file input-v7.txt (compact mmCIF, C-alpha atoms and all ligand atoms)
# COMPACT_ATOMS: atom_id res chain seq x y z
CA MET Z 24 0.00 0.00 0.00
CA SER Z 25 1.60 3.23 -1.06
CA GLU Z 26 0.13 6.58 -0.15
CA PRO Z 27 -0.55 9.20 -2.82
CA THR Z 28 0.99 12.67 -2.83
CA ALA Z 29 -1.01 15.85 -2.34
CA THR Z 30 -1.07 16.65 -6.05
CA GLU Z 31 -2.65 13.35 -7.10
CA PRO Z 32 -6.41 13.30 -7.77
CA VAL Z 33 -8.66 11.96 -5.04
CA ASN Z 34 -9.08 8.20 -5.21
CA THR Z 35 -12.82 8.01 -4.50
CA GLY Z 36 -12.80 4.24 -4.97
CA GLN Z 37 -10.42 3.90 -2.04
CA ILE Z 38 -12.59 6.22 0.06
CA LYS Z 39 -15.70 4.14 -0.77
CA GLN Z 40 -13.85 1.02 0.24
CA LEU Z 41 -12.92 2.55 3.61
CA LEU Z 42 -16.48 3.76 4.12
CA ASP Z 43 -17.83 0.30 3.30
CA GLN Z 44 -15.54 -1.33 5.84
CA HIS Z 45 -17.13 0.73 8.61
CA LYS Z 46 -20.58 1.18 7.13
CA THR Z 47 -22.64 -0.46 9.89
CA LYS Z 48 -21.22 1.65 12.71
CA MET Z 49 -21.35 4.85 10.69
CA LYS Z 50 -24.91 4.34 9.53
CA MET Z 51 -25.97 3.57 13.08
CA ALA Z 52 -24.22 6.65 14.48
CA LEU Z 53 -25.78 8.96 11.92
CA ARG Z 54 -29.20 7.42 12.40
CA VAL Z 55 -29.35 7.35 16.19
CA CYS Z 56 -27.90 10.81 16.92
CA ALA Z 57 -30.89 12.58 18.48
CA HIS Z 58 -29.19 16.00 18.40
CA CYS Z 59 -29.71 16.16 22.14
CA SER Z 60 -26.37 17.99 22.43
CA LEU Z 61 -25.49 16.19 25.66
CA CYS Z 62 -22.11 15.26 24.15
CA ALA Z 63 -21.30 18.96 23.92
CA GLN Z 64 -21.12 19.32 27.71
CA SER Z 65 -18.40 16.67 27.93
CA CYS Z 66 -16.16 18.21 25.24
CA PHE Z 67 -13.54 20.51 26.75
CA LEU Z 68 -12.98 22.21 23.40
CA PHE Z 69 -16.65 23.12 23.10
CA ASN Z 70 -16.52 24.56 26.60
CA THR Z 71 -13.29 26.47 26.12
CA ARG Z 72 -14.38 27.85 22.73
CA GLU Z 73 -17.29 29.75 24.26
CA GLN Z 74 -19.64 26.89 23.48
CA ASP Z 75 -19.45 27.61 19.79
CA PRO Z 76 -21.75 24.99 18.19
CA ILE Z 77 -19.12 24.10 15.57
CA TYR Z 78 -17.21 22.43 18.41
CA MET Z 79 -20.11 20.19 19.42
CA PRO Z 80 -18.95 16.57 19.06
CA SER Z 81 -22.14 15.71 17.17
CA HIS Z 82 -21.65 18.62 14.79
CA LYS Z 83 -18.06 17.53 14.22
CA PHE Z 84 -18.78 13.93 13.32
CA ILE Z 85 -21.86 14.75 11.23
CA ASN Z 86 -19.90 17.30 9.18
CA SER Z 87 -16.82 15.14 8.74
CA ILE Z 88 -17.52 11.42 8.45
CA GLY Z 89 -21.24 12.14 7.95
CA ARG Z 90 -20.47 14.32 4.97
CA LEU Z 91 -18.24 11.64 3.45
CA TYR Z 92 -20.92 9.04 4.03
CA LYS Z 93 -23.71 11.10 2.50
CA LYS Z 94 -21.58 11.86 -0.56
CA LYS Z 95 -20.73 8.14 -0.75
CA GLY Z 96 -17.09 9.13 -0.91
CA ASN Z 97 -17.51 11.29 -4.01
CA VAL Z 98 -15.59 14.27 -2.72
CA ASP Z 99 -12.82 16.44 -4.08
CA ARG Z 100 -9.61 17.53 -2.38
CA GLN Z 101 -11.18 20.82 -1.29
CA ALA Z 102 -13.92 18.91 0.58
CA LEU Z 103 -11.28 16.70 2.20
CA GLU Z 104 -9.37 19.80 3.31
CA GLU Z 105 -12.54 21.15 4.92
CA ILE Z 106 -13.20 17.83 6.61
CA SER Z 107 -9.62 17.66 7.86
CA GLU Z 108 -10.04 21.12 9.42
CA ILE Z 109 -12.85 19.67 11.52
CA ALA Z 110 -11.20 16.34 12.25
CA TRP Z 111 -7.88 17.83 13.38
CA LYS Z 112 -8.39 21.44 14.42
CA ARG Z 113 -11.67 20.99 16.26
CA CYS Z 114 -11.02 17.67 17.96
CA VAL Z 115 -7.96 16.34 19.76
CA LEU Z 116 -9.32 12.80 20.08
CA CYS Z 117 -9.13 12.94 23.86
CA THR Z 118 -12.02 10.42 23.85
CA ARG Z 119 -13.75 12.17 26.72
CA CYS Z 120 -17.06 12.91 24.98
CA TYR Z 121 -20.06 11.06 26.26
CA CYS Z 122 -23.06 10.14 24.14
CA PRO Z 123 -26.06 8.75 26.07
CA LEU Z 124 -27.04 6.74 23.00
CA GLY Z 125 -23.66 5.06 22.87
CA ILE Z 126 -22.25 6.64 19.73
CA ASP Z 127 -18.47 6.38 19.76
CA ILE Z 128 -17.83 9.91 18.49
CA PRO Z 129 -14.01 9.78 18.66
CA GLU Z 130 -14.13 6.63 16.56
CA MET Z 131 -16.19 8.47 13.95
CA ILE Z 132 -13.77 11.39 13.90
CA THR Z 133 -10.83 8.97 13.74
CA LEU Z 134 -12.46 7.44 10.68
CA ALA Z 135 -12.73 10.86 9.04
CA ARG Z 136 -9.02 11.35 9.70
CA THR Z 137 -8.21 7.88 8.33
CA ILE Z 138 -10.02 8.73 5.09
CA CYS Z 139 -8.23 12.09 4.84
CA ARG Z 140 -4.93 10.32 5.51
CA SER Z 141 -5.62 7.78 2.77
CA GLN Z 142 -5.59 10.72 0.31
CA ASN Z 143 -2.62 12.32 2.03
CA VAL Z 144 -4.68 15.19 3.42
CA VAL Z 145 -3.18 15.66 6.88
CA ASN Z 146 -2.77 18.44 9.37
CA ASP Z 147 0.38 20.41 8.62
CA PHE Z 148 2.29 20.62 11.88
CA SER Z 149 5.14 22.50 10.22
CA ALA Z 150 2.90 25.47 9.34
CA GLU Z 151 4.36 28.56 11.02
CA MET B 3 4.64 16.54 24.63
CA VAL B 4 7.06 13.75 23.83
CA LYS B 5 9.92 14.84 21.58
CA ALA B 6 11.75 12.47 19.28
CA LYS B 7 14.23 12.48 16.45
CA ARG B 8 14.42 10.12 13.51
CA LYS B 9 17.21 7.58 13.49
CA PRO B 10 19.80 7.86 10.69
CA LEU B 11 18.91 6.19 7.39
CA GLU B 12 21.93 3.88 7.51
CA GLU B 13 20.85 2.45 10.84
CA LEU B 14 17.27 1.92 9.65
CA LYS B 15 18.45 0.32 6.45
CA ALA B 16 20.65 -2.08 8.38
CA VAL B 17 17.91 -3.19 10.78
CA THR B 18 15.31 -3.68 8.05
CA GLN B 19 17.67 -5.48 5.67
CA PRO B 20 16.66 -9.02 6.74
CA TYR B 21 12.95 -8.35 6.05
CA GLN B 22 11.10 -8.46 2.77
CA ARG B 23 7.78 -6.78 3.61
CA ILE B 24 8.12 -3.88 5.99
CA LEU B 25 5.29 -1.75 7.36
CA ASN B 26 6.30 1.68 8.58
CA VAL B 27 3.75 2.84 11.16
CA GLY B 28 3.50 6.55 11.91
CA CYS B 29 1.80 8.20 14.88
CA GLY B 30 -0.56 11.17 14.62
CA GLY B 31 0.24 12.37 18.16
CA CYS B 32 3.35 13.96 19.67
CA VAL B 33 5.75 12.81 16.97
CA SER B 34 3.61 14.49 14.32
CA VAL B 35 3.81 17.74 16.25
CA CYS B 36 7.61 17.55 16.57
CA LEU B 37 7.95 16.53 12.90
CA ALA B 38 9.66 13.22 13.69
CA GLY B 39 7.14 10.48 12.96
CA GLY B 40 3.86 11.74 11.51
CA GLN B 41 2.45 10.79 8.13
CA LYS B 42 4.76 13.14 6.25
CA GLU B 43 7.85 11.80 7.96
CA VAL B 44 6.68 8.23 7.29
CA LEU B 45 6.46 8.96 3.57
CA VAL B 46 9.86 10.66 3.51
CA LEU B 47 11.54 7.76 5.30
CA ASN B 48 9.85 5.22 3.02
CA ASN B 49 11.04 7.05 -0.07
CA GLU B 50 14.58 7.13 1.30
CA LEU B 51 14.56 3.46 2.29
CA ASN B 52 13.00 2.24 -0.93
CA LEU B 53 15.49 4.30 -2.92
CA ALA B 54 18.38 2.90 -0.89
CA PHE B 55 17.18 -0.65 -1.58
CA LYS B 56 16.62 0.17 -5.24
CA ASN B 57 20.18 1.44 -5.56
CA GLU B 58 21.26 -2.07 -4.58
CA ASN B 59 18.89 -3.59 -7.11
CA GLN B 60 16.51 -4.68 -4.40
CA PRO B 61 12.74 -4.21 -4.79
CA ASN B 62 10.57 -1.64 -2.99
CA ARG B 63 9.49 -3.21 0.23
CA VAL B 64 8.39 -0.55 2.70
CA ASP B 65 4.68 0.32 3.04
CA ALA B 66 3.18 3.18 5.02
CA TYR B 67 0.35 3.55 7.50
CA THR B 68 -0.22 6.23 10.11
CA VAL B 69 -2.53 5.72 13.09
CA GLU B 70 -3.84 8.53 15.27
CA ARG B 71 -1.98 7.45 18.42
CA GLN B 72 0.19 4.40 18.87
CA CYS B 73 -0.10 4.60 22.66
CA ASN B 74 -3.81 3.71 22.63
CA ALA B 75 -4.93 0.22 21.62
CA ARG B 76 -8.15 1.45 20.01
CA HIS B 77 -6.12 3.15 17.32
CA LEU B 78 -4.08 0.02 16.61
CA ARG B 79 -7.08 -2.10 15.69
CA GLU B 80 -7.16 -0.77 12.15
CA LEU B 81 -3.71 -2.28 11.60
CA GLU B 82 -4.95 -5.84 12.10
CA ARG B 83 -5.80 -6.44 8.46
CA ILE B 84 -2.52 -4.92 7.22
CA VAL B 85 0.06 -6.29 9.63
CA LYS B 86 -0.42 -9.87 8.51
CA ASP B 87 0.95 -9.00 5.08
CA HIS B 88 4.24 -7.81 6.57
CA ASP B 89 7.12 -9.53 8.30
CA CYS B 90 8.31 -6.56 10.34
CA MET B 91 7.16 -3.11 11.43
CA LEU B 92 9.03 0.13 11.85
CA SER B 93 7.47 2.35 14.51
CA MET B 94 7.83 6.09 14.18
CA ALA B 95 6.09 6.70 17.53
CA CYS B 96 7.84 7.28 20.84
CA GLY B 97 9.10 4.35 22.89
CA ALA B 98 5.72 4.01 24.59
CA GLY B 99 3.84 3.76 21.31
CA ALA B 100 6.37 1.34 19.84
CA GLN B 101 5.95 -0.90 22.87
CA LEU B 102 2.18 -1.00 22.65
CA LEU B 103 2.51 -1.81 18.97
CA ALA B 104 4.89 -4.67 19.83
CA GLU B 105 2.56 -5.88 22.60
CA THR B 106 -0.48 -5.79 20.29
CA PHE B 107 1.26 -7.75 17.52
CA PRO B 108 3.60 -10.04 19.45
CA ASP B 109 4.41 -12.22 16.44
CA THR B 110 5.81 -9.36 14.35
CA PRO B 111 9.15 -7.71 15.13
CA VAL B 112 8.77 -3.98 15.86
CA LEU B 113 11.80 -1.78 15.21
CA PRO B 114 11.95 1.80 16.46
CA ALA B 115 12.58 4.33 13.70
CA VAL B 116 12.97 7.30 16.05
CA ASN B 117 14.91 8.02 19.22
CA THR B 118 12.60 9.26 21.97
CA GLU B 119 14.42 12.19 23.52
CA SER B 120 12.35 14.11 26.00
CA ILE B 121 9.19 15.63 27.36
CA GLY B 122 9.51 19.11 26.02
CA ILE B 123 8.05 22.26 24.63
CA ASP B 124 7.87 23.76 21.14
CA ARG B 125 10.31 26.67 21.02
CA GLU B 126 9.90 27.24 17.27
CA VAL B 127 8.82 24.97 14.44
CA GLY B 128 11.52 22.30 14.43
CA ILE B 129 13.15 23.33 17.74
CA TYR B 130 12.10 21.62 20.91
CA GLU B 131 13.45 21.95 24.40
CA GLU B 132 13.42 19.36 27.15
CA LYS B 133 11.52 20.54 30.19
CA CYS B 134 10.57 17.56 32.34
CA ARG B 135 12.01 14.15 33.20
CA ALA B 136 8.76 12.74 34.60
CA CYS B 137 10.36 12.22 38.00
CA GLY B 138 7.02 11.58 39.66
CA GLU B 139 7.45 14.17 42.46
CA CYS B 140 7.08 17.55 40.79
CA VAL B 141 8.95 20.30 42.63
CA LEU B 142 8.14 23.24 40.33
CA GLY B 143 5.98 24.75 43.07
CA TYR B 144 8.99 25.77 45.15
CA THR B 145 11.47 26.28 42.33
CA GLY B 146 9.66 29.13 40.65
CA GLY B 147 8.59 26.97 37.73
CA VAL B 148 12.13 25.95 36.72
CA CYS B 149 12.83 22.21 36.82
CA PRO B 150 16.07 21.36 38.64
CA VAL B 151 15.81 17.69 37.69
CA THR B 152 15.98 18.55 34.00
CA ARG B 153 18.08 21.68 34.08
CA CYS B 154 20.59 21.23 36.91
CA ALA B 155 23.48 19.03 35.76
CA LYS B 156 23.56 17.47 39.21
CA GLY B 157 19.81 17.32 39.62
CA LEU B 158 20.15 19.17 42.92
CA PHE B 159 17.04 19.82 45.00
CA ASN B 160 18.79 22.36 47.16
CA GLY B 161 20.95 24.73 45.19
CA PRO B 162 22.89 26.33 43.79
CA CYS B 163 26.10 24.42 44.39
CA GLY B 164 29.53 26.07 44.62
CA GLY B 165 30.11 25.65 40.89
CA VAL B 166 27.92 28.49 39.78
CA GLN B 167 29.80 31.35 38.13
CA ASP B 168 28.21 34.44 36.60
CA GLY B 169 24.92 32.61 36.42
CA LYS B 170 26.44 29.72 34.47
CA CYS B 171 27.00 26.07 35.35
CA GLU B 172 30.50 24.82 36.05
CA ILE B 173 30.21 22.13 33.40
CA SER B 174 30.04 24.76 30.64
CA MET B 175 29.84 28.51 30.41
CA ASP B 176 27.15 27.98 27.74
CA ILE B 177 24.80 26.32 30.20
CA PRO B 178 22.79 28.59 32.48
CA CYS B 179 22.69 27.48 36.11
CA ALA B 180 19.20 26.19 36.91
CA TRP B 181 19.43 27.33 40.51
CA TYR B 182 20.62 30.79 39.57
CA ASP B 183 17.49 31.05 37.44
CA ILE B 184 15.35 29.60 40.22
CA HIS B 185 16.75 32.23 42.60
CA GLY B 186 16.03 35.00 40.11
CA ARG B 187 12.49 33.83 39.50
CA LEU B 188 11.69 33.46 43.22
CA LYS B 189 13.26 36.80 44.08
CA ASN B 190 11.15 38.46 41.45
CA GLN B 191 8.06 36.89 42.97
CA ASN B 192 9.10 37.78 46.52
CA ARG B 193 9.25 34.10 47.40
CA LEU B 194 12.90 33.68 48.37
CA ASP B 195 11.85 31.88 51.56
CA ASN B 196 11.10 28.91 49.28
CA ILE B 197 14.76 28.44 48.49
CA LYS B 198 15.67 28.38 52.17
CA GLN B 199 13.45 25.43 52.93
CA LEU B 200 15.48 22.25 52.88
CA GLN B 201 14.02 19.81 50.38
CA MET B 202 14.21 16.12 51.01
CA VAL B 203 15.88 13.78 48.56
CA MET B 204 13.68 12.21 45.96
CA GLU B 205 12.63 8.59 45.97
CA TRP B 206 13.38 8.35 42.27
CA LYS B 207 10.20 6.54 41.52
CA ASN B 208 11.12 6.33 37.90
CA GLN B 209 13.53 3.53 38.71
CA THR B 210 10.59 1.13 38.63
CA GLN B 211 7.82 1.05 36.09
CA ARG B 212 4.96 3.32 37.11
CA THR B 213 1.26 3.01 36.44
CA THR B 214 -0.85 6.12 36.75
CA ILE B 215 -4.36 5.67 38.12
CA GLN B 216 -6.47 8.76 38.73
CA GLU B 217 -8.19 9.01 42.12
CA ALA B 218 -11.69 8.76 40.68
CA TYR B 219 -10.78 5.44 39.07
CA ALA B 220 -8.91 3.90 42.00
CA GLN B 221 -11.79 1.66 42.98
CA ARG B 222 -12.46 0.44 39.47
CA TYR B 223 -8.87 -0.67 39.06
CA ALA B 224 -8.31 -1.77 42.64
CA SER B 225 -6.70 -5.01 41.56
CA SER B 226 -4.19 -3.28 39.26
CA LYS B 227 -0.78 -2.03 40.37
S1 LIG V 301 -12.69 13.44 21.43
FE1 LIG V 301 -12.92 15.36 20.30
S2 LIG V 301 -15.13 15.72 20.35
FE2 LIG V 301 -14.72 14.21 21.92
S3 LIG V 301 -14.42 15.39 23.82
FE3 LIG V 301 -12.38 15.12 22.90
S4 LIG V 301 -12.05 16.94 21.65
FE4 LIG V 301 -14.27 16.84 22.09
S1 LIG V 302 2.55 6.97 20.86
FE1 LIG V 302 4.01 8.40 21.77
S2 LIG V 302 4.29 9.90 20.18
FE2 LIG V 302 2.40 8.86 19.68
S3 LIG V 302 0.80 10.07 20.73
FE3 LIG V 302 1.40 8.45 22.11
S4 LIG V 302 2.91 9.42 23.45
FE4 LIG V 302 2.74 10.70 21.63
S1 LIG V 303 10.36 18.27 38.99
FE1 LIG V 303 11.00 18.48 36.88
S2 LIG V 303 11.20 16.33 36.18
FE2 LIG V 303 10.00 16.29 38.03
S3 LIG V 303 7.88 16.34 37.27
FE3 LIG V 303 8.47 18.47 37.78
S4 LIG V 303 9.15 19.31 35.84
FE4 LIG V 303 9.15 17.06 35.60
call {"tool": "encode", "arguments": {"input": "input-v7.txt", "output": "structure tokens", "more": "lines below"}}
Ligand code: SF4
Ligand code: SF4
Ligand code: SF4
result
Amino acid sequence: MSEPTATEPVNTGQIKQLLDQHKTKMKMALRVCAHCSLCAQSCFLFNTREQDPIYMPSHKFINSIGRLYKKKGNVDRQALEEISEIAWKRCVLCTRCYCPLGIDIPEMITLARTICRSQNVVNDFSAE
Amino acid sequence: MVKAKRKPLEELKAVTQPYQRILNVGCGGCVSVCLAGGQKEVLVLNNELNLAFKNENQPNRVDAYTVERQCNARHLRELERIVKDHDCMLSMACGAGAQLLAETFPDTPVLPAVNTESIGIDREVGIYEEKCRACGECVLGYTGGVCPVTRCAKGLFNGPCGGVQDGKCEISMDIPCAWYDIHGRLKNQNRLDNIKQLQMVMEWKNQTQRTTIQEAYAQRYASSK
């Protein structure tokens, strides 16, 4: 398995494959989320970012892995960049969020990162 | 966070030489931040290794995969379906991550691709400074926020010693004396009485392997260490 470089086109087939591998869990998560926003209270980032709704764990997984799922993997690099912004900059994967319905939100966000990684879209830690 | 530095190519080439299918596993945590073992560094190392093998007419044999954190088993699960196609793994995580990787896949040799150097801070992009040796008995409260374990060459808890000269340590005029700085910091804060209190020697708990259990979880893990 070799990983593509940033200039290569997005391999949507590979994304679909990754989505398929985790389809059951993803579908369940997206279906059962009741938008109760209880997870928000347990996310330190949401609380330290003045409770800005874009930091709500539910908002983060719905707009990252949820977006990929709804588009069935048919996304361009720009969309992946936007998703990576959510998956890296708005979540540190501390795994502290609590969902009363049992959705494993960090796992969903990890999946979004995995799909971004598969297309070599990763957070740039060398950015000044 | 943990700070690490990649091992030299020659060393990595030598240790991977006996293997035909190598998986280089990056870590999305600390080593990504310090630019030692994230996805980008994995790809760079793989290119270098594959090129080195190619120059000796040997085939490409290093694959890449980066997990979010090698120190947490949940992030290693996704490797299950890939590891079986490889006969060794390089780990670009810190020593802790490499060990969990080795523990999770006990049948596959795990070779560290980085040297884990310190717990440190980001001074600039690409420059990191050691700040803590995880001694297990933090003394920063009475040392004005300067760590004598890390910064004093003798690790003194009651300083400075007689070797201080013009604010520098006797081992080198390039090294500032930790206790000189501690004195300065405390003086500034009007807390010089702190330095006069005799501090007891440390038990050096890091001589034996430690397990950290938070108070709220003590009961749940009562049977653990
Ligand atoms: S894992 Fe992400 S979403 Fe969950 S609490 Fe931590 S930062 Fe918030
Ligand atoms: S495995 Fe090591 S480098 Fe990676 S996140 Fe954990 S502590 Fe940091
Ligand atoms: S005294 Fe120094 S080495 Fe010990 S925990 Fe504090 S900062 Fe770390």
call {"tool": "residues_near_ligand", "arguments": {"input": "input-v7.txt", "ligand": "ligand LIG 302 (chain V)", "cutoff": "10 Å", "atoms": "all atoms listed in the file", "output": "ChimeraX atom specification"}}
result
/B:3-6,28-36,38-40,69-74,93-103,116,118,121
call {"tool": "residues_near_point", "arguments": {"input": "input-v7.txt", "point": "(8.7, 9.0, 38.2)", "cutoff": "9 Å", "atoms": "only C-alpha atoms", "output": "list in words"}}
result
Arg135, Ala136, Cys137, Gly138, Glu139, Glu205, Trp206, Lys207, Asn208, Gln209, Thr210, Gln211 and Arg212 of chain B
call {"tool": "residues_near_ligand", "arguments": {"input": "input-v7.txt", "ligand": "ligand LIG 303 (chain V)", "cutoff": "12 Å", "atoms": "only C-alpha atoms and all ligand atoms", "output": "PyMOL selection string"}}
result
chain B and resi 3+120-123+132-154+157-159+180+203-208
call {"tool": "residues_near_ligand", "arguments": {"input": "input-v7.txt", "ligand": "ligand LIG 301 (chain V)", "cutoff": "10 Å", "atoms": "all atoms listed in the file", "output": "VMD selection string"}}
result
chain Z and resid 62 to 70 78 to 84 109 to 122 127 to 133
call {"tool": "residues_around", "arguments": {"input": "input-v7.txt", "residues": "range 91-105 of chain Z", "least_positions_apart": "2", "cutoff": "12 Å", "atoms": "all atoms listed in the file", "output": "PyMOL selection string"}}
result
chain Z and resi 28-54+83-89+107-113+131-132+134-147
call {"tool": "write_last_selection", "arguments": {"input": "input-v7.txt", "atoms": "C-alpha atoms", "output": "compact mmCIF listing (two decimals), in the frame of the given file"}}
result
# COMPACT_ATOMS: atom_id res chain seq x y z
CA THR Z 28 0.99 12.67 -2.83
CA ALA Z 29 -1.01 15.85 -2.34
CA THR Z 30 -1.07 16.65 -6.05
CA GLU Z 31 -2.65 13.35 -7.10
CA PRO Z 32 -6.41 13.30 -7.77
CA VAL Z 33 -8.66 11.96 -5.04
CA ASN Z 34 -9.08 8.20 -5.21
CA THR Z 35 -12.82 8.01 -4.50
CA GLY Z 36 -12.80 4.24 -4.97
CA GLN Z 37 -10.42 3.90 -2.04
CA ILE Z 38 -12.59 6.22 0.06
CA LYS Z 39 -15.70 4.14 -0.77
CA GLN Z 40 -13.85 1.02 0.24
CA LEU Z 41 -12.92 2.55 3.61
CA LEU Z 42 -16.48 3.76 4.12
CA ASP Z 43 -17.83 0.30 3.30
CA GLN Z 44 -15.54 -1.33 5.84
CA HIS Z 45 -17.13 0.73 8.61
CA LYS Z 46 -20.58 1.18 7.13
CA THR Z 47 -22.64 -0.46 9.89
CA LYS Z 48 -21.22 1.65 12.71
CA MET Z 49 -21.35 4.85 10.69
CA LYS Z 50 -24.91 4.34 9.53
CA MET Z 51 -25.97 3.57 13.08
CA ALA Z 52 -24.22 6.65 14.48
CA LEU Z 53 -25.78 8.96 11.92
CA ARG Z 54 -29.20 7.42 12.40
CA LYS Z 83 -18.06 17.53 14.22
CA PHE Z 84 -18.78 13.93 13.32
CA ILE Z 85 -21.86 14.75 11.23
CA ASN Z 86 -19.90 17.30 9.18
CA SER Z 87 -16.82 15.14 8.74
CA ILE Z 88 -17.52 11.42 8.45
CA GLY Z 89 -21.24 12.14 7.95
CA SER Z 107 -9.62 17.66 7.86
CA GLU Z 108 -10.04 21.12 9.42
CA ILE Z 109 -12.85 19.67 11.52
CA ALA Z 110 -11.20 16.34 12.25
CA TRP Z 111 -7.88 17.83 13.38
CA LYS Z 112 -8.39 21.44 14.42
CA ARG Z 113 -11.67 20.99 16.26
CA MET Z 131 -16.19 8.47 13.95
CA ILE Z 132 -13.77 11.39 13.90
CA LEU Z 134 -12.46 7.44 10.68
CA ALA Z 135 -12.73 10.86 9.04
CA ARG Z 136 -9.02 11.35 9.70
CA THR Z 137 -8.21 7.88 8.33
CA ILE Z 138 -10.02 8.73 5.09
CA CYS Z 139 -8.23 12.09 4.84
CA ARG Z 140 -4.93 10.32 5.51
CA SER Z 141 -5.62 7.78 2.77
CA GLN Z 142 -5.59 10.72 0.31
CA ASN Z 143 -2.62 12.32 2.03
CA VAL Z 144 -4.68 15.19 3.42
CA VAL Z 145 -3.18 15.66 6.88
CA ASN Z 146 -2.77 18.44 9.37
CA ASP Z 147 0.38 20.41 8.62
call {"tool": "residues_around", "arguments": {"input": "input-v7.txt", "residues": "Ser174 in chain B", "least_positions_apart": "6", "cutoff": "12 Å", "atoms": "all atoms listed in the file", "output": "list of chain:residue names"}}
result
B:Cys154, B:Ala155, B:Gly165, B:Val166, B:Gln167, B:Asp168
call {"tool": "interface_residues", "arguments": {"input": "input-v7.txt", "of": "chain B", "to": "chain Z", "cutoff": "12 Å", "atoms": "all atoms listed in the file", "output": "number ranges by chain"}}
result
B: 23-26, 28-46, 48-49, 52, 62-71, 74, 76-81, 83-85, 87-88, 124-129
call {"tool": "atom_distance", "arguments": {"input": "input-v7.txt", "atom1": "CA of Asn117 in chain B", "atom2": "CA of Lys7 in chain B"}}
result
5.3 Å
call {"tool": "atom_distance", "arguments": {"input": "input-v7.txt", "atom1": "CA of Asp89 in chain B", "atom2": "CA of Arg8 in chain B"}}
result
21.6 Å
call {"tool": "axis_aligned_box", "arguments": {"input": "input-v7.txt", "around": "range 110-114 of chain Z", "padding_each_side": "8 Å", "output": "JSON"}}
result
{"center_x": -9.8, "center_y": 18.9, "center_z": 15.1, "size_x": 19.8, "size_y": 21.1, "size_z": 21.7}
